[in-house]
Amino acid sequence: MLKQIYNFAIDNQLSGESCWREKYIRYHVLLDKDGNFIDIEENKNKKLKVVCPSYPDRKLYGSTANFLIDKGSVIFDTTNKKNSSYLEDIKAAAVISDEIKIVNLFLNQINDSNLYDKFSDDIKNKLDTLKGTVELVSFKLNGIYLESSDSWKEYFLEKYNLFVQEELAKEKDNDNMISVVSGKVISPIKNTDKVMVAGVTSSTGDVLICCDKDSFSSYGLEKALNGAISKEESEALKLGLEYLLSNNYNRDWNLIHWYKDSDSIDLIDAAIDSRNFWLDDLETIDDYDKKTTEEKDQVLYKFLKDLLEKGKLIQNSNGLESNEYYLLRFKPCSGRIAFSDFKIGNFSELIDNLTIFYEDSKLLTCWWIKENDKSILKTDSLPIVNIYSILLNLLNSNVDGNKRFEQVSKEFSIYKKNKLLDAILNNKQIPYDFVIRAVNVIKRDKVSGKKTHSSVYKILKVYINRDSRIKGDENFIMSGLNKENKNIAYNLGRLLCVYEKIQETALGNRNASIVDKYYSSASTSPGYVFGKLNSLSNYHLRKIDNPGKVIYYKRLIQEIMANIDSIPKRLDITDQANFGLGYYQQEQSFYVKNNENIKEDNNNVK
C-alpha cells in the first residue's frame, strides 16, 4: 500500500524537489521601486496556485517562518513568534536581491512607529487586514510577482540546504536501513510529515507512519528503526495522500481508490453513484434532470456499455492487461491514519466483473412518459447502474427526498456497504442481508399498495443467478419473462400476478387487491394460501363478460400450472426471491403483451 501511494505521488509529479510547493496566495502587496505601499491585490480563486519556495517541515525548528511567502499574521504582526524569523530572512536576502531590498524597505517603514504614523488611515486599515489574516501573502513589484523572480533563489536554496543538513544530523542513525516504502537503502527519519486535509484529518494533521516512540513489538529496535522511511519518501506519501483524500476519497464509504493509468475511466465511481459520472459530452444537465429515473439509467447504461468494450477504454488496448486499480478503506484515528482492506485489482478483470453485474441485474422495465400531452409506454432491459439505487430502495424506513440519503447512512454501516461493493467489483455473491431486505421490502410495499422500485427486483435477480452459477445450474433468470423457467416459486409468483390481473379485469381497480391481502403469506407459505386464491380466481373469472379475456387467462393459468408439480407449504428466502421475480416479470409482460394476446383470442372466438 505504501509503495503504491508513493508511486502515485511520483508518477503524478506531486513530489519533486521538496523546496518548491504549489500554494494558493490570497493577497499580494503592491509596492513601487522605493518600497512605498500602493495597494493590495486579492486572488479569490483558490484553485489558482503558484509554485512557491518552501522550507522543510518547520516543526523541527520551532518559530522559524517560511521564506518570502507566509501568513499575513506572520509577516505583519510583530507579536507573532515567527515574525522576527521572517524579518531576519528578508534582511539577509536583501544583500543579494534588489527586489527583496525593496520589500525590506517597506517592512522597515511599517515597523518604524514614526514612519507608520505618517500613513493614511486607508493604508493603515488595509495593512491591519493583512496583519489579522492567516491567508498567504506575497509581494508584487512593478507588475511582477515576486515569487516568480530568480533574484532571491540563491539565498533561499542555501538556507534550505542548511535546514536539511541540520535535520539529517538530528535524524540520521548510525546504520542505514531498508525502506519500508521503496525497498531502497536509506537513512531513516523519526518524525514523518503530517497529512492535513480540511474536514478529513484533524486540524493539526495526522501521521501515517509514526516512528518517534519505542515499540514493545519492534524486536529490540527503537524509534526510527521500527519502520524505516526517508525524508523524501515521507514527503511523497504526504503529498500523495493529501491529493487522494482531496480528490479520490468517498466519505460515505470511507473509500479511497485510484488507477495505475491516470487516464482510466473511473468505473468504480460510476458503479457507486452515477450522479458523479455525468460527462459534458453525454447530455446537458438540464436535459438530464428532465428525464425519468428509467431514462437516466437507459442513457448511462448505453454510455457504460460502450466503455466496457475494452478497445474503447484506452487507445492502446494491449495496455489494459497491465493496468491496475487500487482500493483501500481510510479511517482517521486520534492523530494517526489507519487503513484497511487494501486491494490491488486488475483493470481488465474489473471491466469483466462489472459487465457480469450489469448483465446479472438487467430486467425488462416498463415506464410511462409524457409526449405531446399523451402517455407513452416505454420499455427496455435495464441493469442496476448505481449502487445507491439499491441502498435507497432497501430502506426499512419510509422517508422522502434527500432525507433518504441520510437514512442510508443510518441503516447501512460502512462495513455492509463495502461488502456489497466488494461483491460487485469481484463477481461474488450478494450479501445475504440485502436479499432478506429486498424480500421484506416487496412484502411491505404490497401490503401498503406501494409500487416497488425495479432495483429491488434486480438485486434479487443478481442473487439468484449467482446462486445458480455457483451450483452449476443453468436455470438463469432472464431479462424478460421466461415461460420455460421450471422453478416452482417463480411460477407461483407468476400465478399470483395472473390472479390479481383477473380480479382487476372482473372488478376494476379496488382499494385492496388480493395481492395487497395475500402477497406476504403467498410468498412465504403458499401451500396454505393458493387453494383459497384459486377459488377466488374462479369466482372472478365468472364475473368477466369478455369471453376472449376468459380464454386468455385460463390458457395462461394452464401454462403456468404445467410448471408446478406441487405447491410447497413454505418457501425459504431464495425461493421467496424467485417468487418476487416471477410476479414482477409477469406484471411487466402484461404491460407489453397483454393487449395483443387478448385481441388475438377475441378473433379466435366463434
# chains A, B, ... in the order shown; residues from 1 in each chain; ligands from 1
$ select_by_dssp --residues "range 33-132 of chain A" --states "strand (DSSP E)" --output "list in words"
Phe37, Ile38, Asp39, Ile40, Glu41, Glu42, Val50, Val51, Cys52, Pro53, Asp70 and Lys71 of chain A
$ residues_around --residues "range 493-500 of chain A" --least-positions-apart "4" --cutoff "8 Å" --atoms "only C-alpha atoms" --output "list of chain:residue names"
A:Ala489, A:Glu504, A:Ser513, A:Ile514, A:Val515, A:Tyr519, A:Ser523, A:Leu533, A:Asn534, A:Ser537, A:Tyr553, A:Leu556, A:Ile557, A:Ile560, A:Asn578, A:Phe579, A:Gly580, A:Leu581, A:Gly582, A:Tyr583, A:Tyr584, A:Gln585, A:Gln586, A:Glu587
$ closest_residue --among "A:Gln429, A:Asn12, A:Ser454, A:Asn176" --to "Arg466 in chain A" --atoms "only C-alpha atoms"
A:Gln429
$ atom_distance --atom1 "CA of Ala506 in chain A" --atom2 "CA of Ile544 in chain A"
4.9 Å
$ residues_around --residues "Ala438 in chain A" --least-positions-apart "4" --cutoff "12 Å" --atoms "only C-alpha atoms" --output "compact mmCIF listing (two decimals) with C-alpha atoms, in the first residue's frame"
# COMPACT_ATOMS: atom_id res chain seq x y z
CA ILE A 390 -30.03 -0.41 -4.19
CA LEU A 391 -29.43 1.25 -0.83
CA LEU A 392 -32.09 3.93 -1.29
CA ASN A 393 -34.76 1.41 -2.20
CA LEU A 394 -33.94 -1.14 0.50
CA LEU A 395 -34.50 1.24 3.40
CA ASN A 396 -36.59 -0.09 6.28
CA ILE A 430 -24.56 -10.62 -2.98
CA PRO A 431 -24.53 -10.43 0.86
CA TYR A 432 -27.49 -12.33 2.29
CA ASP A 433 -28.65 -9.34 4.33
CA PHE A 434 -29.51 -7.43 1.13
CA ILE A 442 -41.58 -6.19 -1.55
CA LYS A 443 -43.88 -7.66 1.13
CA ARG A 444 -44.15 -4.29 2.88
CA ASP A 445 -44.93 -2.45 -0.35
CA THR A 452 -41.76 -1.40 -5.52
CA HIS A 453 -38.77 0.08 -7.33
CA SER A 454 -37.29 -2.16 -10.02
CA SER A 455 -33.84 -2.07 -8.31
CA VAL A 456 -35.28 -4.25 -5.53
CA TYR A 457 -36.20 -6.98 -8.02
CA LYS A 458 -32.92 -6.53 -9.87
CA ILE A 459 -30.82 -7.26 -6.78
CA LEU A 460 -32.86 -10.46 -6.32
CA LYS A 461 -32.09 -11.42 -9.91
CA VAL A 462 -28.36 -10.92 -9.28
CA TYR A 463 -28.52 -13.13 -6.18
CA ILE A 573 -35.51 -16.77 1.24
CA THR A 574 -34.09 -17.88 -2.11
CA GLN A 576 -39.16 -16.04 -1.93
CA ALA A 577 -36.76 -14.13 -4.18
CA ASN A 578 -37.78 -16.34 -7.11
CA GLY A 580 -40.95 -12.00 -6.29
CA LEU A 581 -39.20 -12.12 -9.66
$ residues_around --residues "Glu349 in chain A" --least-positions-apart "3" --cutoff "9 Å" --atoms "only C-alpha atoms" --output "JSON, numbers by chain"
{"A": [321, 345, 346, 352, 353, 354, 425, 426]}
$ write_last_selection --atoms "C-alpha atoms" --output "mmCIF file, in the first residue's frame"
data_model
loop_
_atom_site.group_PDB
_atom_site.id
_atom_site.type_symbol
_atom_site.label_atom_id
_atom_site.label_comp_id
_atom_site.auth_asym_id
_atom_site.auth_seq_id
_atom_site.Cartn_x
_atom_site.Cartn_y
_atom_site.Cartn_z
ATOM 1 C CA GLU A 321 -3.946 -6.104 -19.108
ATOM 2 C CA GLY A 345 -7.075 -5.271 -8.777
ATOM 3 C CA ASN A 346 -6.585 -5.871 -12.480
ATOM 4 C CA ASP A 352 -15.345 -8.105 -16.855
ATOM 5 C CA ASN A 353 -16.859 -8.191 -13.357
ATOM 6 C CA LEU A 354 -18.857 -5.009 -13.852
ATOM 7 C CA LEU A 425 -16.345 -5.454 -8.129
ATOM 8 C CA ASN A 426 -15.126 -9.036 -7.615
#
$ residues_around --residues "Lys260 in chain A" --least-positions-apart "4" --cutoff "12 Å" --atoms "only C-alpha atoms" --output "PyMOL selection string"
chain A and resi 4-12+264-266+319-327+344-347
$ write_last_selection --atoms "N, CA and C atoms" --output "compact mmCIF listing (two decimals), in the first residue's frame"
# COMPACT_ATOMS: atom_id res chain seq x y z
N GLN A 4 2.45 1.87 -3.35
CA GLN A 4 1.52 2.33 -4.38
C GLN A 4 1.19 3.82 -4.21
N ILE A 5 1.04 4.26 -2.97
CA ILE A 5 0.78 5.68 -2.73
C ILE A 5 2.02 6.50 -3.10
N TYR A 6 3.17 5.99 -2.72
CA TYR A 6 4.44 6.66 -3.06
C TYR A 6 4.60 6.76 -4.58
N ASN A 7 4.32 5.66 -5.29
CA ASN A 7 4.42 5.67 -6.75
C ASN A 7 3.42 6.64 -7.38
N PHE A 8 2.23 6.71 -6.78
CA PHE A 8 1.22 7.64 -7.29
C PHE A 8 1.73 9.07 -7.22
N ALA A 9 2.35 9.43 -6.09
CA ALA A 9 2.87 10.79 -5.93
C ALA A 9 3.98 11.08 -6.94
N ILE A 10 4.86 10.10 -7.14
CA ILE A 10 5.98 10.29 -8.07
C ILE A 10 5.46 10.35 -9.51
N ASP A 11 4.58 9.39 -9.89
CA ASP A 11 4.08 9.32 -11.27
C ASP A 11 3.29 10.57 -11.66
N ASN A 12 2.61 11.16 -10.68
CA ASN A 12 1.80 12.35 -10.97
C ASN A 12 2.54 13.65 -10.65
N SER A 264 -7.49 6.37 -16.99
CA SER A 264 -8.55 5.36 -16.99
C SER A 264 -9.90 5.98 -16.61
N ILE A 265 -10.96 5.52 -17.27
CA ILE A 265 -12.31 5.93 -16.90
C ILE A 265 -12.61 5.38 -15.50
N ASP A 266 -13.18 6.22 -14.64
CA ASP A 266 -13.43 5.80 -13.26
C ASP A 266 -14.70 4.98 -13.17
N GLY A 319 -2.44 -2.30 -23.34
CA GLY A 319 -2.05 -1.81 -22.01
C GLY A 319 -3.08 -2.12 -20.95
N LEU A 320 -4.25 -2.56 -21.37
CA LEU A 320 -5.33 -2.83 -20.44
C LEU A 320 -4.98 -3.95 -19.46
N GLU A 321 -4.26 -4.95 -19.95
CA GLU A 321 -3.95 -6.10 -19.11
C GLU A 321 -3.01 -5.73 -17.96
N SER A 322 -2.14 -4.73 -18.19
CA SER A 322 -1.17 -4.35 -17.15
C SER A 322 -1.68 -3.22 -16.25
N ASN A 323 -2.81 -2.64 -16.64
CA ASN A 323 -3.36 -1.56 -15.82
C ASN A 323 -3.94 -2.14 -14.53
N GLU A 324 -3.91 -1.36 -13.47
CA GLU A 324 -4.38 -1.81 -12.16
C GLU A 324 -5.24 -0.74 -11.52
N TYR A 325 -6.07 -1.15 -10.56
CA TYR A 325 -6.74 -0.19 -9.71
C TYR A 325 -6.40 -0.51 -8.26
N TYR A 326 -6.43 0.51 -7.42
CA TYR A 326 -6.06 0.36 -6.01
C TYR A 326 -7.21 0.90 -5.16
N LEU A 327 -7.52 0.15 -4.11
CA LEU A 327 -8.67 0.49 -3.29
C LEU A 327 -8.34 0.21 -1.84
N ILE A 344 -5.29 -4.58 -4.58
CA ILE A 344 -4.78 -4.29 -5.92
C ILE A 344 -5.57 -5.15 -6.89
N GLY A 345 -6.25 -4.53 -7.83
CA GLY A 345 -7.08 -5.27 -8.78
C GLY A 345 -6.65 -5.03 -10.21
N ASN A 346 -6.87 -6.01 -11.06
CA ASN A 346 -6.58 -5.87 -12.48
C ASN A 346 -7.73 -5.12 -13.16
N PHE A 347 -7.40 -4.12 -13.94
CA PHE A 347 -8.42 -3.27 -14.55
C PHE A 347 -9.26 -4.05 -15.56
$ residues_around --residues "Glu233 in chain A" --least-positions-apart "3" --cutoff "10 Å" --atoms "only C-alpha atoms" --output "PyMOL selection string"
chain A and resi 2-3+6-7+9-10+15+179-182+186+188+192-193+229-230+236-239
$ write_last_selection --atoms "N, CA, C and O atoms" --output "tab-separated table (two decimals), in the first residue's frame"
chain	number	residue	atom	x	y	z
A	2	LEU	N	1.89	1.31	0.89
A	2	LEU	CA	2.76	2.49	0.96
A	2	LEU	C	3.46	2.72	-0.37
A	2	LEU	O	3.57	3.86	-0.84
A	3	LYS	N	3.92	1.64	-0.97
A	3	LYS	CA	4.64	1.76	-2.23
A	3	LYS	C	3.72	2.31	-3.33
A	3	LYS	O	4.13	3.13	-4.16
A	6	TYR	N	3.17	5.99	-2.72
A	6	TYR	CA	4.44	6.66	-3.06
A	6	TYR	C	4.60	6.76	-4.58
A	6	TYR	O	4.91	7.83	-5.12
A	7	ASN	N	4.32	5.66	-5.29
A	7	ASN	CA	4.42	5.67	-6.75
A	7	ASN	C	3.42	6.64	-7.38
A	7	ASN	O	3.72	7.30	-8.38
A	9	ALA	N	2.35	9.43	-6.09
A	9	ALA	CA	2.87	10.79	-5.93
A	9	ALA	C	3.98	11.08	-6.94
A	9	ALA	O	4.03	12.15	-7.55
A	10	ILE	N	4.86	10.10	-7.14
A	10	ILE	CA	5.98	10.29	-8.07
A	10	ILE	C	5.46	10.35	-9.51
A	10	ILE	O	5.83	11.24	-10.29
A	15	SER	N	5.50	15.04	-6.04
A	15	SER	CA	6.67	15.18	-5.20
A	15	SER	C	7.91	15.31	-6.07
A	15	SER	O	8.34	14.36	-6.70
A	179	SER	N	14.22	0.70	3.36
A	179	SER	CA	12.97	1.45	3.50
A	179	SER	C	11.77	0.52	3.43
A	179	SER	O	11.70	-0.39	2.61
A	180	VAL	N	10.77	0.78	4.29
A	180	VAL	CA	9.51	0.01	4.25
A	180	VAL	C	8.64	0.47	3.08
A	180	VAL	O	7.66	-0.19	2.75
A	181	VAL	N	8.99	1.58	2.47
A	181	VAL	CA	8.20	2.13	1.38
A	181	VAL	C	8.73	1.68	0.02
A	181	VAL	O	8.03	1.06	-0.78
A	182	SER	N	10.01	1.99	-0.25
A	182	SER	CA	10.57	1.75	-1.58
A	182	SER	C	11.49	0.55	-1.66
A	182	SER	O	11.82	0.09	-2.74
A	186	ILE	N	18.26	3.53	2.90
A	186	ILE	CA	18.03	4.94	3.26
A	186	ILE	C	18.55	5.22	4.66
A	186	ILE	O	18.85	4.31	5.43
A	188	PRO	N	16.97	6.51	7.88
A	188	PRO	CA	15.60	6.71	8.37
A	188	PRO	C	15.45	7.96	9.20
A	188	PRO	O	16.38	8.40	9.89
A	192	THR	N	7.82	11.79	10.76
A	192	THR	CA	7.33	11.85	9.38
A	192	THR	C	6.40	13.06	9.19
A	192	THR	O	5.87	13.60	10.16
A	193	ASP	N	6.21	13.44	7.93
A	193	ASP	CA	5.36	14.59	7.62
A	193	ASP	C	3.90	14.27	7.94
A	193	ASP	O	3.42	13.16	7.69
A	229	ILE	N	11.93	4.94	6.96
A	229	ILE	CA	11.43	5.75	5.85
A	229	ILE	C	12.29	7.00	5.73
A	229	ILE	O	12.68	7.58	6.74
A	230	SER	N	12.59	7.40	4.51
A	230	SER	CA	13.43	8.57	4.29
A	230	SER	C	12.59	9.84	4.27
A	230	SER	O	11.36	9.79	4.16
A	236	ALA	N	6.69	12.41	-0.11
A	236	ALA	CA	5.89	11.88	-1.23
A	236	ALA	C	4.61	11.24	-0.72
A	236	ALA	O	3.54	11.43	-1.30
A	237	LEU	N	4.69	10.47	0.38
A	237	LEU	CA	3.48	9.87	0.96
A	237	LEU	C	2.50	10.94	1.42
A	237	LEU	O	1.29	10.83	1.20
A	238	LYS	N	3.02	11.98	2.04
A	238	LYS	CA	2.17	13.09	2.50
A	238	LYS	C	1.42	13.72	1.33
A	238	LYS	O	0.20	13.86	1.35
A	239	LEU	N	2.18	14.08	0.28
A	239	LEU	CA	1.57	14.76	-0.86
A	239	LEU	C	0.62	13.85	-1.63
A	239	LEU	O	-0.44	14.28	-2.09
$ atom_distance --atom1 "CA of Phe119 in chain A" --atom2 "CA of Leu30 in chain A"
15.2 Å
